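Take a look at the structure set out below.
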Amino acid sequence: MTVLRCLARRPAASALQTAASAASRRQAPSFARSLYTVPSLDRHDQLVAEGIPGLFSKSGFDTAFTTYQQHIVDELNVITQQTQYEHQDIKSLTIELARDPTKAYPFNLASMAFNNHFFFRGINTNPDVVSKPPNDLAIQIKKDFSSMDTLRETFLATADAMFGPGFVWLVQLNNSATNNPLRILPTYIAGSPLSGAHYRRQSHDLNTHNADSHQQLNEVGSFGAGKKQDNRPRKPLGGTDVVPLLCVNTWEHAWLHDYGVKGKRAYLEAWWRKIDWDMVRQNASISSTQGEAKNNFQY
């Protein structure tokens with residue numbers, strides 16, 4: 001029973017969590033603030049009323065986005081209120097918390113809020129529009145994966161084979177020397193693709209360890225030599241500098257409601273048909289020379 005209680009409880013011993021707990025006790029419930037909120041999506045009211053045709057039913061959308069995202073931001077508000085973290089944007093917060101091994105729980109909340117929103121932002125919610133990659137992006141895909149079909153099959157097979165929750169991302173390496181190639185990147189649980197968040201490497205899950213557990217870990221981020229000594233941005237040792245372009249959510253709450261226990265592959269295939277490729281192109285950096293005189297690309 002002792003072990004079960006330890007694993008089930010939220011970590012509460014870190015300085016951030018202790019401060020948040022004290023702040024919560026000081027603040028009357030009727031005056032509770034909502035510093036982080038569920039962001040709106042394109043056509044948001046219609047999505048709430050109808051879901052996303054071809055991908056999520058009304059109740060499936062409510063579970064995967066509205067209810068779950070609200071749960072995440074509510075938890076994030078409780079744990080960051082009246083701390084130095086309460087006014088940061090979610091992306092910056094994810095990166096900042098990744099540098100401190102003792103802040104596993106708030107990091108997971110921030111990272112999950114970012115990841116889930118990114119997933120839904122990348123969905124084409126207009127049932128009257130069939131999205132396909134713009135020409136220059138299609139050329140880059142062909143260059144890096146040989147064909148659109150190869151990217152699709154590799155991406156969906158990677159997501160389908162992921163045993164447990166997480167996200168699978170299409171990312172672009174931030175490496176102009178190699179023309180910024182596209183790659184597939186899986187992240188597990190609430191892991192982040194953000195380059196600045198790659199400090200979070202540790203042998204223990206600090207959601208289930210006490211605040212002193214970091215003493216047994218290799219020092220990272222603000223605990224180690226990675227401290228910022230000048231105006232140059234800090235980078236994690238061995239971290240890959242990538243830009244996320246799109247992702248699919250493989251957490252069961254995202255697909256179980258509409259697709260059932262055996263429906264993960266059907267969900268992934270439905271999602272692929274709903275990708276907003278214009279949004280992917282907006283996130284990508286593709287030089288004009290990579291796309292010139294190649295308008296005969298076949299999908």
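Please note that chains go A, B, ... in the order of the structure tokens, that every chain numbers its residues from 1, and that ligands are numbered from 1 in the order shown.
The shell of residues at most 9 Å from segment 258-266 of chain A, with only C-alpha atoms counted and near chain neighbours (fewer than 2 positions) removed, consists of Leu55, Phe56, Ser57, Ser59, Gly60, Leu156, Ala157, Ala159, Asp160, Thr250, Glu252, Ala254, Trp255, Leu256, Leu268, Glu269, Ala270 and Trp271 of chain A.
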ask   = Which residues, written as a ChimeraX atom specification, have at least one atom at most 10 Å from Asn116 of chain A, with only C-alpha atoms counted and residues fewer than 6 positions away on the same chain left out?
value = /A:64-65,68-69,72,167,190,247-249,251,254
Using C-alpha atoms, can you export the residues from the last selection as a PDB file, in the first residue's frame?
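Printed below is result.pdb as written:
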ATOM      1  CA  ALA A  64      -9.737  15.160 -26.608  1.00  0.00           C
ATOM      2  CA  PHE A  65      -9.552  18.949 -26.592  1.00  0.00           C
ATOM      3  CA  TYR A  68      -8.662  17.571 -21.427  1.00  0.00           C
ATOM      4  CA  GLN A  69      -7.084  20.930 -22.272  1.00  0.00           C
ATOM      5  CA  ILE A  72      -4.316  20.632 -17.986  1.00  0.00           C
ATOM      6  CA  PHE A 167       3.119  12.262 -29.904  1.00  0.00           C
ATOM      7  CA  ALA A 190       4.478  14.640 -22.372  1.00  0.00           C
ATOM      8  CA  CYS A 247       2.119  16.150 -34.774  1.00  0.00           C
ATOM      9  CA  VAL A 248      -0.410  13.449 -34.009  1.00  0.00           C
ATOM     10  CA  ASN A 249      -1.594  12.670 -30.490  1.00  0.00           C
ATOM     11  CA  TRP A 251      -2.781   9.258 -26.093  1.00  0.00           C
ATOM     12  CA  ALA A 254      -7.646  11.199 -28.149  1.00  0.00           C
TER      13      ALA A 254
END
key: Option closest in space to Ala161 of chain A, from A:Val73, A:Tyr85, A:Thr102, A:Pro186 [counting only C-alpha atoms]   = A:Pro186
message = Based on the backbone DSSP call, show me all residues of segment 7-169 of chain A assigned alpha helix (DSSP H), as a PyMOL selection string.
response = chain A and resi 7-8+15-26+44-50+58-61+68-80+90-98+104-121+135-145+148-161
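Minimum distance to Ser40 of chain A across A:Asn135, A:Asn77, A:Thr66, A:Asn108 (counting only C-alpha atoms) occurs at A:Thr66.
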request  = Counting only C-alpha atoms, figure out which residue out of A:Lys91, A:Arg273, A:Arg281, A:His44 gets nearest to Arg152 of chain A.
outcome  = A:Arg273
